[in-house]
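Before any comments, here is the structure.
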Amino acid sequence: MRKKSILWTLAALLVFSVVLAGCSGGSEKADGGSEGGGGKKELKVWLMGDETDETLIKQYEEKNPGVKVSVQSIPWGSAHDKLLTAVASKSGPDVVQMGTTWIPEFAQAGALLDLTPYLEQYPNLKPENYFDGAVQTMSYDDKVVGIPWYVETRVLFYRTDILAEVGYPEGPKTWDEMKDAGQKLAARGNGNYAITIDAKDMNYLSMFAWQNGSAMIDENRKPHFNEPEFMGAMEYLKSFYDTGMTPLASDLDLFAAFKDGQFPMFISGPWMIQGVKDKAPEIEGKWATTTLPAKENNASFLGGANMSVFSSTKNADEAVKFISFMSEQESQLTNYDVSKNLPAIKSAWEDKRFEDPIFATFGKQLENARPVPFIKEWDAVSQEAIAAFERITVGGADIKTEMDQLNAKATEILSK
């Protein structure tokens, strides 16, 4: 099987190289760069998503008439494999949008250019411009390999009218208050619950672990899943299932359940705002967002995407200049206007666009949001944690036993 897999990989890379050779629209220059139409320097940019708005691309070309930016839009579902192929063939783009959780893997493979030497020339790229959580995604092995492009985080969506009935018109502020509110909401009966728990999303579980003081995996790559902080978070979430505050399984449409009050609370990201407005217009003025309830802290997950320069580029200077342009405040605000992606730079949040309290909550939460452990093995570890949580909540397995096993598996994964 291994030999067959290698042969298939080599065949795929050969096809990829032929396609590249046939589709290239520019001519190679003596210095290894390429020229687009009209003798312009070509800058190849890969952006992730099924659709790419080119408003900013056109603005950059207008400001830099000697450059042609060739954008390839890549669906997120196929992006990782395409990046792996580009690394193997050394025929990737100049600039690439990277999911933040992918950066350790590609940085370790030497695929991302060290941008540290450019920080003085392009002050837009300096870490102090960004939220602390986003800064944690910029560096690997003390090298700056990614610049935050946009961010996202999770906050609490809640029905202000229903929560007011149980004593929390501004939403619960602590773990104790959320459980108290949850018990009162579940006591309504008749298919009513308190909150949905996305148990298949490790980012969700991570937030509660951080709030209870767990590092999960420390800077020495040592896991801490079988210690009181992480187990306490698991126990807290399990209690919502045990007492009927959240169902073990549900096929309810979240927007409809939020409108009807079956789920008066849920934790999610900014993409849900428009969904609630469009699908539940009847409750306009009866819902709000607030930062997550706190235990030791109220840390939330920080996601989003960074922009990096492929180490194989022949246009490093132009690539960094492009990223600097995309990091300007006006560029960040334009990106928000056309895509609703939240700005990564702190100064953009002072704009009037974010005066609406529903949106302002996200800026406040971003001050206390963090990425998952910045290791390439995180996906493998998180899948083990999700499976353990399901065995605990649905199967009734013992928390300590499951966490001991999870810690052992994580140790094995991290030691390979």
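By convention in this document, the chains of the structure tokens carry letters A, B, ... by their order, each chain's residues are numbered from 1, and ligands are numbered from 1 in the order they are shown.
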- Message: I need the residues in segment 126-323 of chain A that are strand (DSSP E) according to DSSP; give them as number ranges by chain.
- Response: A: 139-140, 143-144, 147-153, 155-159, 265-268, 287-290, 300-309
- Query: Got a sec: who's within 12 Å of segment 232-236 of chain A, counting only C-alpha atoms, leaving out chain neighbours fewer than 4 positions off, as a ChimeraX atom specification?
  - Reply: /A:175-176,178-179,197,199,202,204-216,225-228,240-243,245,294-296,385-386,388-393,396-400,402-403
- Message: Residues within 9 Å of Gly66 of chain A, please, as a ChimeraX atom specification. Count only C-alpha atoms; anything in the same chain fewer than 4 positions from it doesn't count.
- Response: /A:39-42,61
Could you list, with a cut-off of 8 Å and counting only C-alpha atoms, the residues of segment 184-296 of chain A near segment 146-153 of chain A, each shown with its nearest atom pair and the distance in Å rounded to one decimal, rows sorted by chain and ascending number, as a tab-separated table?
residue	atom	partner	partner_atom	distance
A:Ser268	CA	A:Thr153	CA	7.8
A:Gly269	CA	A:Thr153	CA	5.7
A:Pro270	CA	A:Glu152	CA	7.1
Residues from the last selection, all heavy atoms, saved as a compact mmCIF listing (two decimals), in the first residue's frame:
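Listed below is the output, part-v8.txt:
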# COMPACT_ATOMS: atom_id res chain seq x y z
N SER A 268 -21.29 31.12 19.28
CA SER A 268 -20.86 30.99 17.89
C SER A 268 -20.13 32.25 17.45
O SER A 268 -19.81 33.12 18.26
CB SER A 268 -22.07 30.71 16.98
OG SER A 268 -21.64 30.31 15.69
N GLY A 269 -19.87 32.32 16.14
CA GLY A 269 -19.06 33.39 15.59
C GLY A 269 -19.86 34.45 14.86
O GLY A 269 -21.10 34.38 14.78
N PRO A 270 -19.19 35.42 14.28
CA PRO A 270 -19.87 36.58 13.67
C PRO A 270 -20.73 36.24 12.47
O PRO A 270 -21.63 37.00 12.11
CB PRO A 270 -18.69 37.49 13.28
CG PRO A 270 -17.51 36.58 13.16
CD PRO A 270 -17.72 35.53 14.20
- When distances are computed from only C-alpha atoms, which of A:Arg154, A:Lys279, A:Lys259, A:Lys173 shows the smallest separation from Glu367 of chain A?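 Among the listed residues, A:Arg154 lies closest to Glu367 of chain A.
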- Computed gap from atom CA of Thr52 of chain A to atom CA of Lys82 of chain A is 17.2 Å
- atom CA of Met231 of chain A and atom CA of Ala299 of chain A, how far apart in Å? 17.1 Å
- Message: I'd like the contact shell of segment 373-382 of chain A - 8 Å cut-off, only C-alpha atoms, skipping same-chain residues fewer than 4 positions apart - returned as an MDAnalysis selection string.
- Response: chainID A and resid 101:105 137 202 216:217 386 409:410 413:414
- Looking only at the backbone, which of the residues in segment 40-284 of chain A does DSSP tag as alpha helix (DSSP H), as JSON, numbers by chain? {"A": [55, 56, 57, 58, 59, 60, 61, 62, 63, 76, 77, 78, 79, 80, 81, 82, 83, 84, 85, 86, 87, 88, 89, 103, 104, 105, 106, 107, 108, 132, 133, 134, 135, 160, 161, 162, 163, 164, 165, 175, 176, 177, 178, 179, 180, 181, 182, 183, 184, 185, 186, 202, 203, 204, 205, 206, 207, 208, 209, 210, 211, 228, 229, 230, 231, 232, 233, 234, 235, 236, 237, 238, 239, 240, 241, 242, 254, 255, 256, 257, 258, 259, 260, 271, 272, 273, 274, 275, 276, 277, 278, 279]}
- Counting only C-alpha atoms, the option among A:Met48, A:Ile267, A:Val69, A:Leu119 closest to Glu318 of chain A: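 The shortest atom-to-atom distance to Glu318 of chain A comes from A:Val69.
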- atom CA of Ser250 of chain A to atom CA of Gly191 of chain A, distance in Å rounded to a single decimal: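 Value for the atom CA of Ser250 of chain A-atom CA of Gly191 of chain A distance: 10.7 Å.
Around Pro117 of chain A, within 12 Å and counting only C-alpha atoms, the residues found are A:Leu113, A:Asp114, A:Leu115, A:Leu119, A:Glu120, A:Gln121, A:Tyr122, A:Pro123, A:Leu125, A:Lys126, A:Lys143, A:Val144, A:Val145, A:Ala316, A:Asp317, A:Val320, once anything fewer than 2 positions away on its own chain is removed.
Excluding Ile57 of chain A and any residue on its chain fewer than 3 positions from it, the residues at most 10 Å away by only C-alpha atoms are Val45, Thr52, Asp53, Glu54, Tyr60, Glu61, Glu62, Lys68, Val69, Ser70, Val71, Phe322, Phe325 and Met326 of chain A.
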Any chance you could export the current selection's N, CA and C atoms as a PDB file, in the first residue's frame?
ATOM      1  N   VAL A  45      -1.107  35.059  -6.213  1.00  0.00           N
ATOM      2  CA  VAL A  45      -1.716  35.051  -4.888  1.00  0.00           C
ATOM      3  C   VAL A  45      -2.781  33.965  -4.828  1.00  0.00           C
ATOM      4  N   THR A  52     -13.936  34.862  -4.405  1.00  0.00           N
ATOM      5  CA  THR A  52     -12.981  35.884  -3.971  1.00  0.00           C
ATOM      6  C   THR A  52     -13.387  37.233  -4.534  1.00  0.00           C
ATOM      7  N   ASP A  53     -13.612  38.195  -3.658  1.00  0.00           N
ATOM      8  CA  ASP A  53     -13.889  39.553  -4.108  1.00  0.00           C
ATOM      9  C   ASP A  53     -12.552  40.229  -4.426  1.00  0.00           C
ATOM     10  N   GLU A  54     -12.454  40.840  -5.601  1.00  0.00           N
ATOM     11  CA  GLU A  54     -11.176  41.394  -6.041  1.00  0.00           C
ATOM     12  C   GLU A  54     -11.100  42.911  -5.890  1.00  0.00           C
ATOM     13  N   TYR A  60      -4.902  47.595  -5.273  1.00  0.00           N
ATOM     14  CA  TYR A  60      -3.441  47.435  -5.225  1.00  0.00           C
ATOM     15  C   TYR A  60      -2.816  47.670  -6.594  1.00  0.00           C
ATOM     16  N   GLU A  61      -3.433  47.120  -7.632  1.00  0.00           N
ATOM     17  CA  GLU A  61      -2.892  47.292  -8.982  1.00  0.00           C
ATOM     18  C   GLU A  61      -2.933  48.755  -9.420  1.00  0.00           C
ATOM     19  N   GLU A  62      -3.969  49.482  -8.999  1.00  0.00           N
ATOM     20  CA  GLU A  62      -4.043  50.906  -9.329  1.00  0.00           C
ATOM     21  C   GLU A  62      -2.902  51.683  -8.671  1.00  0.00           C
ATOM     22  N   LYS A  68       0.896  43.037 -11.926  1.00  0.00           N
ATOM     23  CA  LYS A  68      -0.333  42.322 -12.225  1.00  0.00           C
ATOM     24  C   LYS A  68      -0.506  41.238 -11.158  1.00  0.00           C
ATOM     25  N   VAL A  69      -1.572  41.339 -10.374  1.00  0.00           N
ATOM     26  CA  VAL A  69      -1.832  40.356  -9.329  1.00  0.00           C
ATOM     27  C   VAL A  69      -2.734  39.270  -9.900  1.00  0.00           C
ATOM     28  N   SER A  70      -2.205  38.073  -9.991  1.00  0.00           N
ATOM     29  CA  SER A  70      -2.970  36.932 -10.497  1.00  0.00           C
ATOM     30  C   SER A  70      -3.501  36.134  -9.309  1.00  0.00           C
ATOM     31  N   VAL A  71      -4.809  36.172  -9.132  1.00  0.00           N
ATOM     32  CA  VAL A  71      -5.428  35.539  -7.974  1.00  0.00           C
ATOM     33  C   VAL A  71      -6.036  34.195  -8.352  1.00  0.00           C
ATOM     34  N   PHE A 322       2.709  43.656  -0.880  1.00  0.00           N
ATOM     35  CA  PHE A 322       1.292  43.359  -1.070  1.00  0.00           C
ATOM     36  C   PHE A 322       0.629  43.050   0.278  1.00  0.00           C
ATOM     37  N   PHE A 325       0.068  46.176   2.228  1.00  0.00           N
ATOM     38  CA  PHE A 325      -1.112  46.906   1.748  1.00  0.00           C
ATOM     39  C   PHE A 325      -2.397  46.295   2.306  1.00  0.00           C
ATOM     40  N   MET A 326      -2.466  44.981   2.311  1.00  0.00           N
ATOM     41  CA  MET A 326      -3.659  44.303   2.813  1.00  0.00           C
ATOM     42  C   MET A 326      -3.821  44.480   4.319  1.00  0.00           C
TER      43      MET A 326
END
Any chance you could tabulate, as a Markdown table, the residues of segment 114-147 of chain A at most 9 Å from segment 346-349 of chain A with each one's nearest atom pair and distance in Å to one decimal, using only C-alpha atoms, in chain and rising number order?
| residue | atom | partner | partner_atom | distance |
| --- | --- | --- | --- | --- |
| A:Glu128 | CA | A:Lys346 | CA | 9.0 |
| A:Asn129 | CA | A:Lys346 | CA | 6.2 |
| A:Tyr130 | CA | A:Lys346 | CA | 5.6 |
| A:Phe131 | CA | A:Lys346 | CA | 6.2 |
